[in-house]
Structure formats: C-alpha cells, structure tokens
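Engineer: Let me begin by handing over the structure; questions about it come next.
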Amino acid sequence: MSRIGKHPVPVPQGVQVQLAGQTLTAKGPKGELKLTIVEDLDVTLVDGKITVKPRQVTRRARSMWGMQRTLVNNLVKGVKDGFNEELEINGVGLRAAMQGKNLQLNMGFSHEVIYPIPAGIEIKVEKPTSIKISGADKQLVGKVAADIRGIKPPEPYKGKGIKYVDETILRKEGKKK
C-alpha cells in the first residue's frame, strides 16, 4: 500500500478541476495545467477531493500510485499558489539583469549569456546578484532554475558562481605553501 497515495488531494477554493478520461485539468489564479494519469490508476473527483487508486494490484500500479498522487497535488497547488525558486550569484563582476523577455547574465566569460524565458515562467531580478523564478508548473520552475545554475555552477574553492539560496557549498582548502 502506498502511504502517500492513500490520502485524497483537497481542491481549494478558487481552483476548478475537470476530469476527462485519464486527463486532469486544473484552472486557478496562477494559470491552467493538465496532467495525463497512467492507465493503471483510477482517478475520481468527489466532494472537492481527488482520489487516486490502482485499478489492479500490480507492481507497476503500486509504483505509480504515490507518484501520480504527488503530481496531482503539485498540479492543484501550482494553479492556486505557484512555486518559487531563488538563486544567488557570488563573485566579483558576476551579475544578472532583465533584457526584455530574456535574462542577461554576465558570468565572467568573454560574452554575455542570454537565457530566453519559457512561457509560464516569471523571472524577477531585484538585485544584480539575486534571481527569483516563479510559475505554476513545479517541474518547469525547477528545470529553469537548474538550467540557469548550470551556466556557471559554484566552484568549491572560493564559491563563485550561481547557487540556490538554501544550498551550501562544500569548500576545499587551497594550495599549501
């Protein structure tokens, strides 16, 4: 039995959920998202609660049960509140700025890095060293944050680069004389 899958997902006020076959659609203040549930599971919407249950007790159904319930929960939570990720830039001369609908990064390379912002994602640069990424789709917000971090990940000697705000960099000792 899945411990997570057993719990129903409550649908908060202001979110509309529709179920058509195996496709679940949620609309809310932050946007609209769709999710296709795997064929091994049944999804029901009763009294403002979404329940996910396996059709038959098979290994695949049990392994997908908790994951699909979590995806449904992220779908509902995303259209209601959205998801945020914060990045921090460390290093002398390293900075970020918005340039129209693109993110412009000066990372100490011989050129500026221009990152096009995908649809459904909002990026704010309050300070030249902090980037806030927000959106309704948790997977897309995480992917954008990882892509931006991957442009110049923090190095272990001085900690220069782009890191998550809550990330700790394991520092190494430099050369000994």
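Within each chain, counting starts at residue 1; across the structure tokens, chains are named A, B, ... in the order shown, with ligands numbered 1 upward in that order.
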Give me, as a tab-separated table, the closest atom pair and its distance (Å, one decimal) for every residue of range 15-91 of chain A within a cut-off of 10 Å of range 165-176 of chain A, counting only C-alpha atoms, rows sorted by chain and rising number.
Structural biologist:
residue	atom	partner	partner_atom	distance
A:Glu85	CA	A:Val165	CA	8.5
A:Glu86	CA	A:Val165	CA	5.8
A:Leu87	CA	A:Val165	CA	5.4
A:Glu88	CA	A:Val165	CA	5.7
A:Ile89	CA	A:Val165	CA	9.2
Engineer: For the residues in that selection, give me N, CA, C and O atoms as a compact mmCIF listing (two decimals), in the first residue's frame.
Structural biologist:
# COMPACT_ATOMS: atom_id res chain seq x y z
N GLU A 85 11.53 29.62 -6.78
CA GLU A 85 12.91 29.17 -6.60
C GLU A 85 13.78 30.42 -6.62
O GLU A 85 13.57 31.31 -7.44
N GLU A 86 14.74 30.50 -5.70
CA GLU A 86 15.61 31.67 -5.64
C GLU A 86 17.05 31.25 -5.88
O GLU A 86 17.51 30.25 -5.33
N LEU A 87 17.74 32.04 -6.70
CA LEU A 87 19.15 31.80 -6.99
C LEU A 87 19.96 33.01 -6.52
O LEU A 87 19.46 34.14 -6.50
N GLU A 88 21.20 32.74 -6.18
CA GLU A 88 22.09 33.79 -5.70
C GLU A 88 23.39 33.72 -6.50
O GLU A 88 23.90 32.63 -6.76
N ILE A 89 23.91 34.88 -6.89
CA ILE A 89 25.15 34.93 -7.66
C ILE A 89 26.26 35.44 -6.75
O ILE A 89 26.13 36.50 -6.13
Engineer: Need the shell around Gln139 in chain A: protein/DNA/RNA residues with any atom at most 12 Å away, counting only C-alpha atoms. Skip same-chain ones fewer than 3 positions apart. Format as a VMD selection string?
Structural biologist: chain A and resid 33 71 74 to 75 78 82 to 85 120 to 121 134 to 136 142 to 146
Engineer: Considering only strand (DSSP E) as DSSP defines it on the backbone, what residues of range 55-147 of chain A qualify? List them as number ranges by chain.
Structural biologist: A: 83-90, 95-99, 102-106, 113-116, 121-124, 130-135
Engineer: Counting only C-alpha atoms, figure out which residue out of A:Asn90, A:Thr23, A:Gln18, A:Gln68 gets nearest to Lys6 in chain A.
Structural biologist: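 Residue with the minimum atom-to-atom distance to Lys6 in chain A: A:Gln68.
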Engineer: Skipping near chain neighbours, those fewer than 3 positions away, what residues fall within 7 Å of range 50-57 of chain A using only C-alpha atoms, listed as a list of chain:residue names?
Structural biologist: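 My list of contacting residues is A:Gly5, A:Pro8, A:Val9, A:Pro10, A:Asp40, A:Leu41, A:Asp42, A:Val43, A:Thr44, A:Leu45, A:Val46, A:Ala61, A:Arg62, A:Trp65, A:Arg69.
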Engineer: May I ask which of the residues A:Lys34, A:Lys80, A:Lys152, A:Arg60 is the closest one to Val11 in chain A, counting only C-alpha atoms?
Structural biologist: A:Lys80
Engineer: Which residues are near range 107-111 of chain A? Cut-off 8 Å, only C-alpha atoms, ignore same chain within fewer than 5 positions. Put them as a ChimeraX atom specification.
Structural biologist: /A:93-95,152,161
Engineer: As an MDAnalysis selection string, please: all residues of range 50-160 of chain A that backbone DSSP puts in alpha helix (DSSP H).
Structural biologist: chainID A and resid 59:80 138:151
Engineer: Got time to write the residues from that selection, N, CA, C and O atoms, as a short mmCIF file (atom, residue, chain, number, x, y, z; two decimals), in the first residue's frame?
Structural biologist:
data_model
loop_
_atom_site.label_atom_id
_atom_site.label_comp_id
_atom_site.auth_asym_id
_atom_site.auth_seq_id
_atom_site.Cartn_x
_atom_site.Cartn_y
_atom_site.Cartn_z
N ARG A 59 2.50 -4.61 -9.78
CA ARG A 59 3.72 -3.93 -9.35
C ARG A 59 3.79 -2.52 -9.93
O ARG A 59 4.14 -1.56 -9.25
N ARG A 60 3.48 -2.37 -11.21
CA ARG A 60 3.53 -1.05 -11.86
C ARG A 60 2.51 -0.10 -11.25
O ARG A 60 2.81 1.07 -11.03
N ALA A 61 1.31 -0.59 -10.99
CA ALA A 61 0.26 0.27 -10.41
C ALA A 61 0.68 0.76 -9.03
O ALA A 61 0.50 1.93 -8.70
N ARG A 62 1.26 -0.13 -8.22
CA ARG A 62 1.69 0.27 -6.89
C ARG A 62 2.84 1.27 -6.96
O ARG A 62 2.92 2.21 -6.17
N SER A 63 3.75 1.09 -7.93
CA SER A 63 4.89 2.00 -8.01
C SER A 63 4.48 3.38 -8.55
O SER A 63 5.12 4.37 -8.24
N MET A 64 3.43 3.44 -9.35
CA MET A 64 2.98 4.72 -9.91
C MET A 64 1.99 5.45 -9.00
O MET A 64 1.80 6.65 -9.14
N TRP A 65 1.40 4.75 -8.06
CA TRP A 65 0.32 5.29 -7.26
C TRP A 65 0.73 6.55 -6.49
O TRP A 65 0.12 7.61 -6.62
N GLY A 66 1.77 6.48 -5.69
CA GLY A 66 2.21 7.62 -4.88
C GLY A 66 2.73 8.76 -5.74
O GLY A 66 2.50 9.94 -5.44
N MET A 67 3.44 8.42 -6.83
CA MET A 67 3.98 9.46 -7.69
C MET A 67 2.87 10.25 -8.38
O MET A 67 2.90 11.48 -8.41
N GLN A 68 1.88 9.56 -8.91
CA GLN A 68 0.79 10.23 -9.60
C GLN A 68 -0.04 11.08 -8.64
O GLN A 68 -0.48 12.17 -8.99
N ARG A 69 -0.21 10.61 -7.42
CA ARG A 69 -0.94 11.40 -6.41
C ARG A 69 -0.16 12.68 -6.10
O ARG A 69 -0.73 13.76 -5.96
N THR A 70 1.17 12.58 -6.01
CA THR A 70 2.00 13.76 -5.76
C THR A 70 1.95 14.73 -6.93
O THR A 70 1.92 15.94 -6.74
N LEU A 71 1.93 14.21 -8.16
CA LEU A 71 1.82 15.07 -9.33
C LEU A 71 0.48 15.80 -9.35
O LEU A 71 0.41 16.98 -9.72
N VAL A 72 -0.59 15.12 -8.95
CA VAL A 72 -1.91 15.75 -8.87
C VAL A 72 -1.89 16.85 -7.80
O VAL A 72 -2.41 17.95 -8.01
N ASN A 73 -1.26 16.57 -6.67
CA ASN A 73 -1.16 17.57 -5.60
C ASN A 73 -0.36 18.79 -6.07
O ASN A 73 -0.76 19.93 -5.80
N ASN A 74 0.74 18.57 -6.78
CA ASN A 74 1.54 19.68 -7.31
C ASN A 74 0.76 20.48 -8.34
O ASN A 74 0.91 21.70 -8.43
N LEU A 75 -0.08 19.81 -9.11
CA LEU A 75 -0.92 20.47 -10.11
C LEU A 75 -1.89 21.44 -9.43
O LEU A 75 -2.00 22.60 -9.81
N VAL A 76 -2.57 20.95 -8.40
CA VAL A 76 -3.56 21.76 -7.69
C VAL A 76 -2.88 22.90 -6.93
O VAL A 76 -3.32 24.05 -6.96
N LYS A 77 -1.78 22.58 -6.26
CA LYS A 77 -1.06 23.60 -5.50
C LYS A 77 -0.44 24.66 -6.43
O LYS A 77 -0.40 25.84 -6.09
N GLY A 78 0.01 24.25 -7.60
CA GLY A 78 0.63 25.17 -8.54
C GLY A 78 -0.33 26.20 -9.10
O GLY A 78 0.01 27.37 -9.21
N VAL A 79 -1.54 25.77 -9.47
CA VAL A 79 -2.50 26.74 -10.02
C VAL A 79 -3.09 27.63 -8.93
O VAL A 79 -3.60 28.71 -9.21
N LYS A 80 -3.02 27.20 -7.67
CA LYS A 80 -3.52 28.01 -6.56
C LYS A 80 -2.46 29.02 -6.09
O LYS A 80 -2.70 30.21 -6.08
N LYS A 138 5.67 23.11 -11.24
CA LYS A 138 6.82 22.86 -10.38
C LYS A 138 8.00 22.30 -11.15
O LYS A 138 9.15 22.68 -10.93
N GLN A 139 7.72 21.40 -12.09
CA GLN A 139 8.79 20.78 -12.87
C GLN A 139 9.49 21.82 -13.75
O GLN A 139 10.72 21.84 -13.84
N LEU A 140 8.73 22.71 -14.37
CA LEU A 140 9.32 23.73 -15.24
C LEU A 140 10.11 24.77 -14.44
O LEU A 140 11.19 25.18 -14.87
N VAL A 141 9.61 25.14 -13.25
CA VAL A 141 10.35 26.09 -12.40
C VAL A 141 11.68 25.48 -11.99
O VAL A 141 12.73 26.14 -12.05
N GLY A 142 11.68 24.22 -11.60
CA GLY A 142 12.92 23.55 -11.20
C GLY A 142 13.89 23.39 -12.36
O GLY A 142 15.10 23.54 -12.18
N LYS A 143 13.38 23.11 -13.55
CA LYS A 143 14.23 22.95 -14.72
C LYS A 143 14.89 24.27 -15.10
O LYS A 143 16.08 24.31 -15.41
N VAL A 144 14.12 25.37 -15.07
CA VAL A 144 14.67 26.68 -15.41
C VAL A 144 15.76 27.06 -14.39
O VAL A 144 16.83 27.54 -14.76
N ALA A 145 15.48 26.82 -13.10
CA ALA A 145 16.47 27.13 -12.07
C ALA A 145 17.74 26.31 -12.26
O ALA A 145 18.86 26.83 -12.14
N ALA A 146 17.59 25.03 -12.59
CA ALA A 146 18.75 24.17 -12.80
C ALA A 146 19.53 24.59 -14.05
O ALA A 146 20.77 24.53 -14.07
N ASP A 147 18.81 25.00 -15.11
CA ASP A 147 19.49 25.46 -16.33
C ASP A 147 20.30 26.72 -16.08
O ASP A 147 21.43 26.85 -16.55
N ILE A 148 19.71 27.66 -15.33
CA ILE A 148 20.42 28.91 -15.03
C ILE A 148 21.62 28.63 -14.13
O ILE A 148 22.72 29.15 -14.36
N ARG A 149 21.45 27.76 -13.14
CA ARG A 149 22.56 27.39 -12.26
C ARG A 149 23.67 26.69 -13.05
O ARG A 149 24.85 26.86 -12.78
N GLY A 150 23.28 25.90 -14.05
CA GLY A 150 24.24 25.15 -14.85
C GLY A 150 25.12 26.02 -15.74
O GLY A 150 26.14 25.56 -16.25
N ILE A 151 24.74 27.29 -15.94
CA ILE A 151 25.57 28.19 -16.75
C ILE A 151 26.91 28.41 -16.07
O ILE A 151 27.95 28.38 -16.72
#
Engineer: Determine the nearest neighbour of Gly91 in chain A from the options A:Leu103, A:Leu35, A:Val113, A:Ile162, counting only C-alpha atoms.
Structural biologist: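 The closest residue to Gly91 in chain A is A:Ile162.
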